[in-house]
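Peer 1: The file below is my_file_14.pdb, PDB, C-alpha atoms, pLDDT in the B column:
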```pdb
MODEL        1
ATOM      1  CA  ALA A   1       1.984 -12.052 -12.030  1.00 63.00           C
ATOM      2  CA  GLN A   2       3.711 -11.753  -8.747  1.00 72.00           C
ATOM      3  CA  SER A   3       1.857 -12.591  -5.540  1.00 88.00           C
ATOM      4  CA  VAL A   4       2.521 -11.740  -1.931  1.00 93.00           C
ATOM      5  CA  SER A   5       1.366 -14.018   0.883  1.00 94.00           C
ATOM      6  CA  GLN A   6       0.991 -13.077   4.502  1.00 95.00           C
ATOM      7  CA  HIS A   7       0.403 -16.139   6.607  1.00 86.00           C
ATOM      8  CA  ASN A   8      -1.454 -14.697   9.556  1.00 87.00           C
ATOM      9  CA  HIS A   9      -4.706 -12.813   9.206  1.00 91.00           C
ATOM     10  CA  HIS A  10      -5.033 -11.819  12.843  1.00 95.00           C
ATOM     11  CA  VAL A  11      -2.495 -11.999  15.654  1.00 97.00           C
ATOM     12  CA  ILE A  12      -3.358 -11.243  19.266  1.00 97.00           C
ATOM     13  CA  LEU A  13      -0.548 -10.589  21.733  1.00 96.00           C
ATOM     14  CA  SER A  14       0.036  -9.258  25.191  1.00 97.00           C
ATOM     15  CA  GLU A  15       2.305  -6.287  25.762  1.00 97.00           C
ATOM     16  CA  ALA A  16       6.019  -7.197  25.917  1.00 97.00           C
ATOM     17  CA  ALA A  17       5.489 -10.327  23.841  1.00 97.00           C
ATOM     18  CA  SER A  18       7.580 -10.826  20.717  1.00 97.00           C
ATOM     19  CA  LEU A  19       6.040 -10.465  17.291  1.00 97.00           C
ATOM     20  CA  GLU A  20       6.894 -12.147  14.025  1.00 97.00           C
ATOM     21  CA  LEU A  21       4.820 -11.742  10.872  1.00 97.00           C
ATOM     22  CA  GLY A  22       5.486 -13.878   7.843  1.00 96.00           C
ATOM     23  CA  CYS A  23       5.649 -12.686   4.240  1.00 96.00           C
ATOM     24  CA  ASN A  24       6.455 -14.706   1.145  1.00 96.00           C
ATOM     25  CA  TYR A  25       6.442 -13.635  -2.472  1.00 95.00           C
ATOM     26  CA  SER A  26       6.285 -15.600  -5.660  1.00 92.00           C
ATOM     27  CA  TYR A  27       8.617 -13.758  -7.995  1.00 81.00           C
ATOM     28  CA  GLY A  28      12.025 -15.365  -8.376  1.00 74.00           C
ATOM     29  CA  GLY A  29      13.928 -12.371  -9.729  1.00 82.00           C
ATOM     30  CA  THR A  30      15.372  -9.346  -8.011  1.00 88.00           C
ATOM     31  CA  VAL A  31      12.854  -7.513  -5.890  1.00 90.00           C
ATOM     32  CA  ASN A  32      12.389  -4.510  -3.648  1.00 91.00           C
ATOM     33  CA  LEU A  33      10.624  -5.309  -0.374  1.00 93.00           C
ATOM     34  CA  PHE A  34       8.599  -3.162   2.004  1.00 94.00           C
ATOM     35  CA  TRP A  35       6.567  -3.361   5.184  1.00 97.00           C
ATOM     36  CA  TYR A  36       3.837  -0.799   5.719  1.00 96.00           C
ATOM     37  CA  VAL A  37       1.708  -0.188   8.810  1.00 96.00           C
ATOM     38  CA  GLN A  38      -1.799   1.198   9.013  1.00 93.00           C
ATOM     39  CA  TYR A  39      -2.902   2.419  12.429  1.00 94.00           C
ATOM     40  CA  PRO A  40      -6.651   2.535  13.074  1.00 91.00           C
ATOM     41  CA  GLY A  41      -8.256   5.269  11.004  1.00 86.00           C
ATOM     42  CA  GLN A  42      -5.026   6.310   9.338  1.00 88.00           C
ATOM     43  CA  HIS A  43      -3.335   5.830   6.003  1.00 86.00           C
ATOM     44  CA  LEU A  44      -0.452   3.469   5.342  1.00 91.00           C
ATOM     45  CA  GLN A  45       2.998   4.462   6.522  1.00 92.00           C
ATOM     46  CA  LEU A  46       6.348   2.923   5.675  1.00 93.00           C
ATOM     47  CA  LEU A  47       7.912   0.802   8.431  1.00 95.00           C
ATOM     48  CA  LEU A  48      11.003  -0.350   6.585  1.00 95.00           C
ATOM     49  CA  LYS A  49      12.347  -1.279   3.177  1.00 93.00           C
ATOM     50  CA  TYR A  50      14.942  -3.546   1.627  1.00 93.00           C
ATOM     51  CA  PHE A  51      16.636  -2.909  -1.693  1.00 90.00           C
ATOM     52  CA  SER A  52      20.028  -4.594  -1.351  1.00 89.00           C
ATOM     53  CA  GLY A  53      22.905  -5.208   1.044  1.00 92.00           C
ATOM     54  CA  ASP A  54      22.530  -6.457   4.625  1.00 94.00           C
ATOM     55  CA  PRO A  55      19.474  -8.735   4.628  1.00 95.00           C
ATOM     56  CA  LEU A  56      18.571  -7.660   8.149  1.00 96.00           C
ATOM     57  CA  VAL A  57      17.000  -4.234   7.971  1.00 96.00           C
ATOM     58  CA  LYS A  58      15.878  -2.022  10.791  1.00 96.00           C
ATOM     59  CA  GLY A  59      12.916   0.287  10.600  1.00 94.00           C
ATOM     60  CA  ILE A  60      11.061   2.707  12.766  1.00 93.00           C
ATOM     61  CA  LYS A  61       9.589   1.966  16.196  1.00 94.00           C
ATOM     62  CA  GLY A  62      11.899  -0.971  16.897  1.00 95.00           C
ATOM     63  CA  PHE A  63      10.791  -3.121  13.963  1.00 97.00           C
ATOM     64  CA  GLU A  64      13.175  -5.148  11.861  1.00 97.00           C
ATOM     65  CA  ALA A  65      12.836  -7.549   8.958  1.00 98.00           C
ATOM     66  CA  GLU A  66      14.994 -10.268   7.497  1.00 97.00           C
ATOM     67  CA  PHE A  67      15.229 -11.012   3.796  1.00 95.00           C
ATOM     68  CA  ILE A  68      15.920 -14.678   3.077  1.00 95.00           C
ATOM     69  CA  LYS A  69      16.350 -14.975  -0.658  1.00 92.00           C
ATOM     70  CA  SER A  70      16.341 -18.778  -0.724  1.00 92.00           C
ATOM     71  CA  LYS A  71      12.966 -18.837   0.990  1.00 94.00           C
ATOM     72  CA  PHE A  72      11.472 -15.855  -0.894  1.00 94.00           C
ATOM     73  CA  SER A  73      10.621 -14.430   2.498  1.00 95.00           C
ATOM     74  CA  PHE A  74      10.729 -11.067   4.242  1.00 97.00           C
ATOM     75  CA  ASN A  75       9.498 -11.583   7.788  1.00 97.00           C
ATOM     76  CA  LEU A  76       8.827  -8.714  10.157  1.00 98.00           C
ATOM     77  CA  ARG A  77       9.852  -8.879  13.816  1.00 98.00           C
ATOM     78  CA  LYS A  78       9.681  -6.859  16.988  1.00 98.00           C
ATOM     79  CA  PRO A  79      11.165  -8.203  20.224  1.00 97.00           C
ATOM     80  CA  SER A  80       8.697  -6.531  22.590  1.00 97.00           C
ATOM     81  CA  VAL A  81       5.394  -5.074  21.414  1.00 97.00           C
ATOM     82  CA  GLN A  82       3.471  -2.214  22.950  1.00 96.00           C
ATOM     83  CA  TRP A  83      -0.240  -1.472  22.988  1.00 96.00           C
ATOM     84  CA  SER A  84       0.443   1.272  20.426  1.00 96.00           C
ATOM     85  CA  ASP A  85       1.596  -1.366  17.917  1.00 97.00           C
ATOM     86  CA  THR A  86      -2.025  -2.374  17.419  1.00 97.00           C
ATOM     87  CA  ALA A  87      -2.447  -1.910  13.660  1.00 97.00           C
ATOM     88  CA  GLU A  88      -2.655  -3.674  10.345  1.00 95.00           C
ATOM     89  CA  TYR A  89       0.642  -4.635   8.740  1.00 97.00           C
ATOM     90  CA  PHE A  90       1.187  -5.061   5.018  1.00 95.00           C
ATOM     91  CA  CYS A  91       4.064  -6.633   3.160  1.00 96.00           C
ATOM     92  CA  ALA A  92       4.674  -5.251  -0.333  1.00 94.00           C
ATOM     93  CA  VAL A  93       6.949  -6.282  -3.174  1.00 92.00           C
ATOM     94  CA  ASN A  94       7.886  -4.989  -6.573  1.00 88.00           C
ATOM     95  CA  GLU A  95      10.153  -6.367  -9.237  1.00 86.00           C
ATOM     96  CA  ARG A  96      13.288  -4.318  -9.608  1.00 82.00           C
ATOM     97  CA  GLY A  97      12.611  -1.676 -12.269  1.00 77.00           C
ATOM     98  CA  ASP A  98       8.804  -2.112 -12.192  1.00 78.00           C
ATOM     99  CA  TYR A  99       6.965   0.675 -10.454  1.00 74.00           C
ATOM    100  CA  LYS A 100       3.929  -1.423  -9.612  1.00 81.00           C
ATOM    101  CA  LEU A 101       3.864  -2.485  -5.980  1.00 86.00           C
ATOM    102  CA  SER A 102       1.958  -5.637  -4.974  1.00 89.00           C
ATOM    103  CA  PHE A 103       0.592  -5.893  -1.455  1.00 92.00           C
ATOM    104  CA  GLY A 104      -0.208  -8.853   0.722  1.00 93.00           C
ATOM    105  CA  ALA A 105      -3.645  -9.200   2.291  1.00 93.00           C
ATOM    106  CA  GLY A 106      -2.420  -7.748   5.567  1.00 94.00           C
ATOM    107  CA  THR A 107      -2.151  -8.983   9.146  1.00 96.00           C
ATOM    108  CA  THR A 108      -4.145  -7.369  11.892  1.00 96.00           C
ATOM    109  CA  VAL A 109      -2.158  -7.194  15.113  1.00 97.00           C
ATOM    110  CA  THR A 110      -3.985  -6.604  18.374  1.00 97.00           C
ATOM    111  CA  VAL A 111      -1.860  -5.941  21.442  1.00 97.00           C
ATOM    112  CA  ARG A 112      -3.614  -6.309  24.769  1.00 95.00           C
ATOM    113  CA  ALA A 113      -2.451  -4.178  27.666  1.00 88.00           C
TER     114      ALA A 113
ATOM    115  CA  ASN B   1       3.809  20.083   3.783  1.00 61.00           C
ATOM    116  CA  ALA B   2       0.459  18.482   2.849  1.00 75.00           C
ATOM    117  CA  GLY B   3       1.883  15.389   1.086  1.00 92.00           C
ATOM    118  CA  VAL B   4      -0.909  13.547  -0.731  1.00 95.00           C
ATOM    119  CA  THR B   5      -4.383  15.063  -0.501  1.00 95.00           C
ATOM    120  CA  GLN B   6      -7.514  13.168  -1.469  1.00 96.00           C
ATOM    121  CA  THR B   7     -11.058  14.443  -1.775  1.00 95.00           C
ATOM    122  CA  PRO B   8     -13.698  13.631  -0.756  1.00 96.00           C
ATOM    123  CA  LYS B   9     -13.145  11.661   2.471  1.00 94.00           C
ATOM    124  CA  PHE B  10     -16.531   9.966   2.356  1.00 96.00           C
ATOM    125  CA  GLN B  11     -19.037   9.411  -0.423  1.00 96.00           C
ATOM    126  CA  VAL B  12     -22.267   7.497  -0.825  1.00 97.00           C
ATOM    127  CA  LEU B  13     -23.478   6.765  -4.344  1.00 97.00           C
ATOM    128  CA  LYS B  14     -26.433   4.970  -5.799  1.00 97.00           C
ATOM    129  CA  THR B  15     -25.869   2.244  -8.341  1.00 98.00           C
ATOM    130  CA  GLY B  16     -25.300   3.792 -11.752  1.00 97.00           C
ATOM    131  CA  GLN B  17     -24.171   7.187 -10.531  1.00 97.00           C
ATOM    132  CA  SER B  18     -20.786   8.574 -11.514  1.00 97.00           C
ATOM    133  CA  MET B  19     -18.156  10.413  -9.555  1.00 96.00           C
ATOM    134  CA  THR B  20     -14.526  11.476  -9.645  1.00 97.00           C
ATOM    135  CA  LEU B  21     -12.064  11.030  -6.808  1.00 97.00           C
ATOM    136  CA  GLN B  22      -9.446  13.730  -6.733  1.00 97.00           C
ATOM    137  CA  CYS B  23      -5.820  13.364  -5.693  1.00 97.00           C
ATOM    138  CA  ALA B  24      -3.010  15.897  -5.555  1.00 97.00           C
ATOM    139  CA  GLN B  25       0.559  15.653  -4.282  1.00 96.00           C
ATOM    140  CA  ASP B  26       2.962  18.455  -3.522  1.00 95.00           C
ATOM    141  CA  MET B  27       6.192  16.432  -3.333  1.00 92.00           C
ATOM    142  CA  ASN B  28       7.064  16.766  -7.029  1.00 92.00           C
ATOM    143  CA  HIS B  29       6.800  12.997  -7.423  1.00 91.00           C
ATOM    144  CA  ASN B  30       6.742  11.503 -10.887  1.00 91.00           C
ATOM    145  CA  SER B  31       4.623   8.426 -10.182  1.00 91.00           C
ATOM    146  CA  MET B  32       1.096   8.269  -8.843  1.00 94.00           C
ATOM    147  CA  TYR B  33      -1.193   5.357  -8.044  1.00 95.00           C
ATOM    148  CA  TRP B  34      -4.749   4.464  -7.167  1.00 97.00           C
ATOM    149  CA  TYR B  35      -5.391   1.492  -4.893  1.00 96.00           C
ATOM    150  CA  ARG B  36      -8.525   0.051  -3.379  1.00 96.00           C
ATOM    151  CA  GLN B  37      -8.513  -1.623   0.031  1.00 93.00           C
ATOM    152  CA  ASP B  38     -10.973  -4.354   0.866  1.00 93.00           C
ATOM    153  CA  PRO B  39     -11.089  -6.495   4.021  1.00 86.00           C
ATOM    154  CA  GLY B  40      -8.956  -9.612   3.723  1.00 83.00           C
ATOM    155  CA  MET B  41      -7.622  -8.609   0.311  1.00 86.00           C
ATOM    156  CA  GLY B  42      -5.076  -5.962   1.152  1.00 87.00           C
ATOM    157  CA  LEU B  43      -4.493  -3.209  -1.358  1.00 91.00           C
ATOM    158  CA  ARG B  44      -5.052  -3.831  -5.032  1.00 93.00           C
ATOM    159  CA  LEU B  45      -3.725  -1.544  -7.715  1.00 93.00           C
ATOM    160  CA  ILE B  46      -6.386  -0.028  -9.958  1.00 96.00           C
ATOM    161  CA  TYR B  47      -4.319   2.263 -12.180  1.00 96.00           C
ATOM    162  CA  TYR B  48      -0.982   3.929 -12.003  1.00 93.00           C
ATOM    163  CA  SER B  49       0.870   6.695 -13.772  1.00 94.00           C
ATOM    164  CA  ALA B  50       4.612   6.252 -13.996  1.00 88.00           C
ATOM    165  CA  SER B  51       5.055   9.837 -15.143  1.00 89.00           C
ATOM    166  CA  GLU B  52       3.072  12.806 -16.358  1.00 90.00           C
ATOM    167  CA  GLY B  53       1.266  11.939 -19.562  1.00 89.00           C
ATOM    168  CA  THR B  54       1.219   8.160 -19.042  1.00 93.00           C
ATOM    169  CA  THR B  55      -1.272   5.848 -17.370  1.00 95.00           C
ATOM    170  CA  ASP B  56      -1.415   2.064 -17.105  1.00 93.00           C
ATOM    171  CA  LYS B  57      -3.838  -0.523 -15.811  1.00 94.00           C
ATOM    172  CA  GLY B  58      -3.178  -2.313 -12.575  1.00 91.00           C
ATOM    173  CA  GLU B  59      -4.771  -5.491 -11.193  1.00 90.00           C
ATOM    174  CA  VAL B  60      -8.399  -4.332 -11.051  1.00 95.00           C
ATOM    175  CA  PRO B  61      -9.034  -1.567 -13.638  1.00 97.00           C
ATOM    176  CA  ASN B  62     -12.512  -2.595 -14.799  1.00 96.00           C
ATOM    177  CA  GLY B  63     -15.150   0.043 -14.089  1.00 96.00           C
ATOM    178  CA  TYR B  64     -12.615   2.820 -13.576  1.00 98.00           C
ATOM    179  CA  ASN B  65     -10.877   5.481 -15.614  1.00 97.00           C
ATOM    180  CA  VAL B  66      -8.058   7.807 -14.678  1.00 97.00           C
ATOM    181  CA  SER B  67      -6.619  11.121 -15.770  1.00 97.00           C
ATOM    182  CA  ARG B  68      -3.139  12.403 -15.018  1.00 96.00           C
ATOM    183  CA  LEU B  69      -4.040  16.046 -15.317  1.00 89.00           C
ATOM    184  CA  ASN B  70      -0.526  17.308 -14.630  1.00 95.00           C
ATOM    185  CA  LYS B  71       2.403  16.246 -12.498  1.00 95.00           C
ATOM    186  CA  ARG B  72       0.537  17.022  -9.283  1.00 96.00           C
ATOM    187  CA  GLU B  73      -2.920  15.621  -9.945  1.00 97.00           C
ATOM    188  CA  PHE B  74      -4.246  12.134 -10.678  1.00 97.00           C
ATOM    189  CA  SER B  75      -7.998  11.571 -10.666  1.00 97.00           C
ATOM    190  CA  LEU B  76     -10.028   8.358 -10.600  1.00 98.00           C
ATOM    191  CA  ARG B  77     -13.461   8.238 -12.209  1.00 98.00           C
ATOM    192  CA  LEU B  78     -16.263   5.768 -11.698  1.00 97.00           C
ATOM    193  CA  GLU B  79     -18.549   6.117 -14.723  1.00 94.00           C
ATOM    194  CA  SER B  80     -21.366   3.893 -13.468  1.00 96.00           C
ATOM    195  CA  ALA B  81     -20.910   2.875  -9.862  1.00 96.00           C
ATOM    196  CA  ALA B  82     -21.689  -0.670  -8.754  1.00 97.00           C
ATOM    197  CA  PRO B  83     -22.013  -2.132  -5.226  1.00 97.00           C
ATOM    198  CA  SER B  84     -18.810  -4.133  -5.893  1.00 97.00           C
ATOM    199  CA  GLN B  85     -16.974  -0.815  -5.952  1.00 97.00           C
ATOM    200  CA  THR B  86     -17.774  -0.172  -2.304  1.00 97.00           C
ATOM    201  CA  SER B  87     -14.288   0.148  -0.841  1.00 97.00           C
ATOM    202  CA  VAL B  88     -11.699   2.472   0.603  1.00 95.00           C
ATOM    203  CA  TYR B  89      -9.673   4.148  -2.117  1.00 97.00           C
ATOM    204  CA  PHE B  90      -6.118   5.325  -1.572  1.00 96.00           C
ATOM    205  CA  CYS B  91      -4.062   7.548  -3.779  1.00 97.00           C
ATOM    206  CA  ALA B  92      -0.293   7.343  -3.470  1.00 95.00           C
ATOM    207  CA  SER B  93       2.773   8.884  -5.029  1.00 94.00           C
ATOM    208  CA  SER B  94       6.435   7.985  -5.269  1.00 90.00           C
ATOM    209  CA  ASP B  95       9.594   9.064  -6.974  1.00 83.00           C
ATOM    210  CA  PRO B  96      11.285   5.916  -8.236  1.00 71.00           C
ATOM    211  CA  THR B  97      14.763   6.172  -9.660  1.00 69.00           C
ATOM    212  CA  GLY B  98      16.027   3.537 -12.025  1.00 61.00           C
ATOM    213  CA  LEU B  99      15.700   0.091 -10.527  1.00 58.00           C
ATOM    214  CA  TYR B 100      14.571   1.173  -7.110  1.00 64.00           C
ATOM    215  CA  ASN B 101      11.005   2.025  -6.256  1.00 66.00           C
ATOM    216  CA  SER B 102      10.960   4.689  -3.608  1.00 76.00           C
ATOM    217  CA  PRO B 103       8.427   4.226  -0.820  1.00 82.00           C
ATOM    218  CA  LEU B 104       4.856   5.193  -1.552  1.00 88.00           C
ATOM    219  CA  HIS B 105       3.338   8.166   0.212  1.00 92.00           C
ATOM    220  CA  PHE B 106      -0.355   7.616   0.772  1.00 93.00           C
ATOM    221  CA  GLY B 107      -3.299   9.940   1.103  1.00 94.00           C
ATOM    222  CA  ASN B 108      -5.841   9.552   3.882  1.00 91.00           C
ATOM    223  CA  GLY B 109      -8.275   7.604   1.738  1.00 93.00           C
ATOM    224  CA  THR B 110     -11.815   7.960   0.435  1.00 95.00           C
ATOM    225  CA  ARG B 111     -14.465   5.675   1.885  1.00 95.00           C
ATOM    226  CA  LEU B 112     -16.974   4.988  -0.879  1.00 97.00           C
ATOM    227  CA  THR B 113     -20.275   3.196  -0.400  1.00 97.00           C
ATOM    228  CA  VAL B 114     -22.407   2.238  -3.379  1.00 97.00           C
ATOM    229  CA  THR B 115     -25.990   1.270  -2.544  1.00 96.00           C
TER     230      THR B 115
ENDMDL
END
```
As structure tokens, please, write out the structure in this file.

Peer 2:
Amino acid sequence: AQSVSQHNHHVILSEAASLELGCNYSYGGTVNLFWYVQYPGQHLQLLLKYFSGDPLVKGIKGFEAEFIKSKFSFNLRKPSVQWSDTAEYFCAVNERGDYKLSFGAGTTVTVRA
Amino acid sequence: NAGVTQTPKFQVLKTGQSMTLQCAQDMNHNSMYWYRQDPGMGLRLIYYSASEGTTDKGEVPNGYNVSRLNKREFSLRLESAAPSQTSVYFCASSDPTGLYNSPLHFGNGTRLTVT
């Protein structure tokens, strides 16, 4: 079974700092990759997705992620965070053609004003 | 556009009681899912339904049953609740095409406590 690893459980930043969240997956075949965000008290929302093509993908709210196939990684970045980015972030992966989506354990990001 | 609607939002059960969590989507999606979210464990798939009339087990199906009533509705039943089933439950839907899984649309969740 495929697994998804997120390296940081809790990240605390000051506003304007840069953010990078790591995500690695175990499956060696072709995959679809996603980052979801869950703001306090809300349901998960899609930040960005990668299916194919340019490995650097841009999402909403200034987030981007880079797919590095050789490292089985899909790291999320934002150059300058805001207080409103305080949330929990989930990496998710599915094997191409399989509808089941596997999630990482999540990273809680706290941005201090 | 309501998206994915889950009921109830909160529920407290005693050990051994049963209940059904309801989920409906109005986006004409083929696939529907039930996940549970626990601290430090992310979301784990309980059951999913790739299309109307089909259901399959996910990572953690024990203690649960599901019914895909029609294309819109996908319910999750706890026959005999246990404290280990205390969690937040999310229903989701998507409309995958071929090799690509479209993004999941999530409901607002049901917070279940089993005492």

Peer 1: Per residue of chain A within 9 Å of chain B, record the nearest atom pair and its distance in Å to one decimal, counting only C-alpha atoms, with rows in chain order and ascending residue number, as a tab-separated table.

Peer 2:
```
residue	atom	partner	partner_atom	distance
A:His9	CA	B:Gly40	CA	7.6
A:Val31	CA	B:Tyr100	CA	8.9
A:Asn32	CA	B:Tyr100	CA	7.0
A:Phe34	CA	B:Pro103	CA	7.9
A:Gly41	CA	B:Asn108	CA	8.7
A:Gln42	CA	B:Asn108	CA	6.4
A:His43	CA	B:Asn108	CA	5.0
A:Leu44	CA	B:Phe106	CA	6.2
A:Gln45	CA	B:His105	CA	7.3
A:Leu46	CA	B:Pro103	CA	6.9
A:Lys49	CA	B:Pro103	CA	7.9
A:Phe51	CA	B:Tyr100	CA	7.1
A:Phe90	CA	B:Gly42	CA	7.4
A:Asn94	CA	B:Asn101	CA	7.7
A:Glu95	CA	B:Leu99	CA	8.6
A:Arg96	CA	B:Leu99	CA	5.1
A:Gly97	CA	B:Leu99	CA	4.0
A:Asp98	CA	B:Leu99	CA	7.4
A:Tyr99	CA	B:Asn101	CA	6.0
A:Lys100	CA	B:Tyr48	CA	7.6
A:Leu101	CA	B:Leu45	CA	7.8
A:Ser102	CA	B:Arg44	CA	7.2
A:Phe103	CA	B:Leu43	CA	5.8
A:Gly104	CA	B:Gly42	CA	5.7
A:Ala105	CA	B:Gly42	CA	3.7
A:Gly106	CA	B:Gly42	CA	5.5
A:Thr107	CA	B:Gly40	CA	8.7
```

Peer 1: Just say which residues the PyMOL selection byres ((chain A and resi 63) around 10) picks in this file, as a ChimeraX atom specification.

Peer 2: /A:19-20,35,47-48,57-62,64-65,76-81

Peer 1: Skipping near chain neighbours, those fewer than 2 positions away, what residues fall within 8 Å of A:Ser5 using all atoms listed in the file, listed as a VMD selection string?

Peer 2: chain A and resid 3 7 23 to 25 104 to 105

Peer 1: So how far away is atom CA of B:Pro61 from atom CA of A:Thr30, in Å?

Peer 2: 26.2 Å

Peer 1: Which residues are near B:Gly16? Cut-off 12 Å, all atoms listed in the file, ignore same chain within fewer than 6 positions. Put them as an NGL selection string.

Peer 2: :B and (63 or 78-85 or 114-115)

Peer 1: Using atom CA of A:His10 and atom CA of A:Ile68 as the two end points, give the distance in Å to one decimal.

Peer 2: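 Interatomic distance, atom CA of A:His10 to atom CA of A:Ile68: 23.3 Å.
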
Peer 1: Starting from the PyMOL selection byres ((chain B and resi 68) around 10), expand the selection into actual residues of this file and give them as an MDAnalysis selection string.

Peer 2: chainID B and resid 23 31:32 48:55 66:67 69:76

Peer 1: Using atom CA of A:Ser52 and atom CA of A:Cys91 as the two end points, give the distance in Å to one decimal.

Peer 2: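 If I compute the distance from atom CA of A:Ser52 to atom CA of A:Cys91, I get 16.7 Å.
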
Peer 1: Closest to A:Val109 among A:Val37, A:Leu21, A:Ala87, A:Leu56, using only C-alpha atoms?

Peer 2: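 For A:Val109, the nearest of the candidates is A:Ala87.
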
Peer 1: Of the candidates A:Gln82, A:Ser70, A:Val93, A:Ala17, which one gets nearest to A:Tyr36 if we count only C-alpha atoms?

Peer 2: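 Among the listed residues, A:Val93 lies closest to A:Tyr36.
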
Peer 1: Taking all listed atoms of stretch 78-95 of chain B, build the axis-aligned box, pad each of the six sides by 3 Å, then write its centre and edge lengths in Å to one decimal as lines of an AutoDock Vina configuration file.

Peer 2:
```
center_x = -6.2
center_y = 2.5
center_z = -7.1
size_x = 37.6
size_y = 19.2
size_z = 21.3
```

Peer 1: Counting all atoms listed in the file, which of A:Ala113, A:Thr86, A:Gln2, A:Ala16 gets nearest to A:Gly29?

Peer 2: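 That would be A:Gln2, the residue with the smallest distance to A:Gly29.
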
Peer 1: Where atoms are missing, can you supply all heavy atoms for stretch 43-48 of chain B and output the lot as a PDB file, in the frame of the given file?

Peer 2:
```pdb
ATOM      1  N   LEU B  43      -4.345  -4.286  -0.391  1.00 91.00           N
ATOM      2  CA  LEU B  43      -4.493  -3.209  -1.358  1.00 91.00           C
ATOM      3  C   LEU B  43      -4.289  -3.772  -2.762  1.00 91.00           C
ATOM      4  O   LEU B  43      -3.329  -4.496  -3.009  1.00 91.00           O
ATOM      5  CB  LEU B  43      -3.452  -2.107  -1.105  1.00 91.00           C
ATOM      6  CG  LEU B  43      -3.799  -1.108  -0.020  1.00 91.00           C
ATOM      7  CD1 LEU B  43      -3.548  -1.703   1.343  1.00 91.00           C
ATOM      8  CD2 LEU B  43      -3.007   0.173  -0.197  1.00 91.00           C
ATOM      9  N   ARG B  44      -5.173  -3.400  -3.644  1.00 93.00           N
ATOM     10  CA  ARG B  44      -5.052  -3.831  -5.032  1.00 93.00           C
ATOM     11  C   ARG B  44      -4.949  -2.606  -5.929  1.00 93.00           C
ATOM     12  O   ARG B  44      -5.715  -1.655  -5.796  1.00 93.00           O
ATOM     13  CB  ARG B  44      -6.257  -4.698  -5.426  1.00 93.00           C
ATOM     14  CG  ARG B  44      -6.284  -6.046  -4.718  1.00 93.00           C
ATOM     15  CD  ARG B  44      -7.492  -6.864  -5.125  1.00 93.00           C
ATOM     16  NE  ARG B  44      -8.727  -6.247  -4.659  1.00 93.00           N
ATOM     17  CZ  ARG B  44      -9.937  -6.636  -5.053  1.00 93.00           C
ATOM     18  NH1 ARG B  44     -10.080  -7.609  -5.938  1.00 93.00           N
ATOM     19  NH2 ARG B  44     -11.014  -6.051  -4.562  1.00 93.00           N
ATOM     20  N   LEU B  45      -4.008  -2.673  -6.847  1.00 93.00           N
ATOM     21  CA  LEU B  45      -3.725  -1.544  -7.715  1.00 93.00           C
ATOM     22  C   LEU B  45      -4.782  -1.440  -8.809  1.00 93.00           C
ATOM     23  O   LEU B  45      -5.044  -2.400  -9.538  1.00 93.00           O
ATOM     24  CB  LEU B  45      -2.331  -1.716  -8.334  1.00 93.00           C
ATOM     25  CG  LEU B  45      -1.823  -0.599  -9.225  1.00 93.00           C
ATOM     26  CD1 LEU B  45      -1.659   0.683  -8.429  1.00 93.00           C
ATOM     27  CD2 LEU B  45      -0.494  -0.999  -9.858  1.00 93.00           C
ATOM     28  N   ILE B  46      -5.368  -0.261  -8.932  1.00 96.00           N
ATOM     29  CA  ILE B  46      -6.386  -0.028  -9.958  1.00 96.00           C
ATOM     30  C   ILE B  46      -5.718   0.507 -11.220  1.00 96.00           C
ATOM     31  O   ILE B  46      -5.821  -0.075 -12.294  1.00 96.00           O
ATOM     32  CB  ILE B  46      -7.447   0.970  -9.463  1.00 96.00           C
ATOM     33  CG1 ILE B  46      -8.053   0.503  -8.135  1.00 96.00           C
ATOM     34  CG2 ILE B  46      -8.543   1.144 -10.510  1.00 96.00           C
ATOM     35  CD1 ILE B  46      -8.949   1.542  -7.469  1.00 96.00           C
ATOM     36  N   TYR B  47      -5.058   1.633 -11.092  1.00 96.00           N
ATOM     37  CA  TYR B  47      -4.319   2.263 -12.180  1.00 96.00           C
ATOM     38  C   TYR B  47      -3.087   2.937 -11.582  1.00 96.00           C
ATOM     39  O   TYR B  47      -3.059   3.279 -10.406  1.00 96.00           O
ATOM     40  CB  TYR B  47      -5.156   3.351 -12.865  1.00 96.00           C
ATOM     41  CG  TYR B  47      -6.022   2.889 -14.009  1.00 96.00           C
ATOM     42  CD1 TYR B  47      -7.346   2.526 -13.783  1.00 96.00           C
ATOM     43  CD2 TYR B  47      -5.525   2.843 -15.307  1.00 96.00           C
ATOM     44  CE1 TYR B  47      -8.156   2.108 -14.833  1.00 96.00           C
ATOM     45  CE2 TYR B  47      -6.333   2.435 -16.368  1.00 96.00           C
ATOM     46  CZ  TYR B  47      -7.647   2.066 -16.121  1.00 96.00           C
ATOM     47  OH  TYR B  47      -8.443   1.667 -17.166  1.00 96.00           O
ATOM     48  N   TYR B  48      -2.113   3.137 -12.425  1.00 93.00           N
ATOM     49  CA  TYR B  48      -0.982   3.929 -12.003  1.00 93.00           C
ATOM     50  C   TYR B  48      -0.494   4.781 -13.171  1.00 93.00           C
ATOM     51  O   TYR B  48      -0.821   4.522 -14.330  1.00 93.00           O
ATOM     52  CB  TYR B  48       0.139   3.061 -11.428  1.00 93.00           C
ATOM     53  CG  TYR B  48       0.905   2.254 -12.446  1.00 93.00           C
ATOM     54  CD1 TYR B  48       2.187   2.613 -12.836  1.00 93.00           C
ATOM     55  CD2 TYR B  48       0.356   1.092 -12.980  1.00 93.00           C
ATOM     56  CE1 TYR B  48       2.898   1.864 -13.756  1.00 93.00           C
ATOM     57  CE2 TYR B  48       1.049   0.334 -13.897  1.00 93.00           C
ATOM     58  CZ  TYR B  48       2.330   0.719 -14.274  1.00 93.00           C
ATOM     59  OH  TYR B  48       3.023  -0.027 -15.186  1.00 93.00           O
TER      60      TYR B  48
END
```
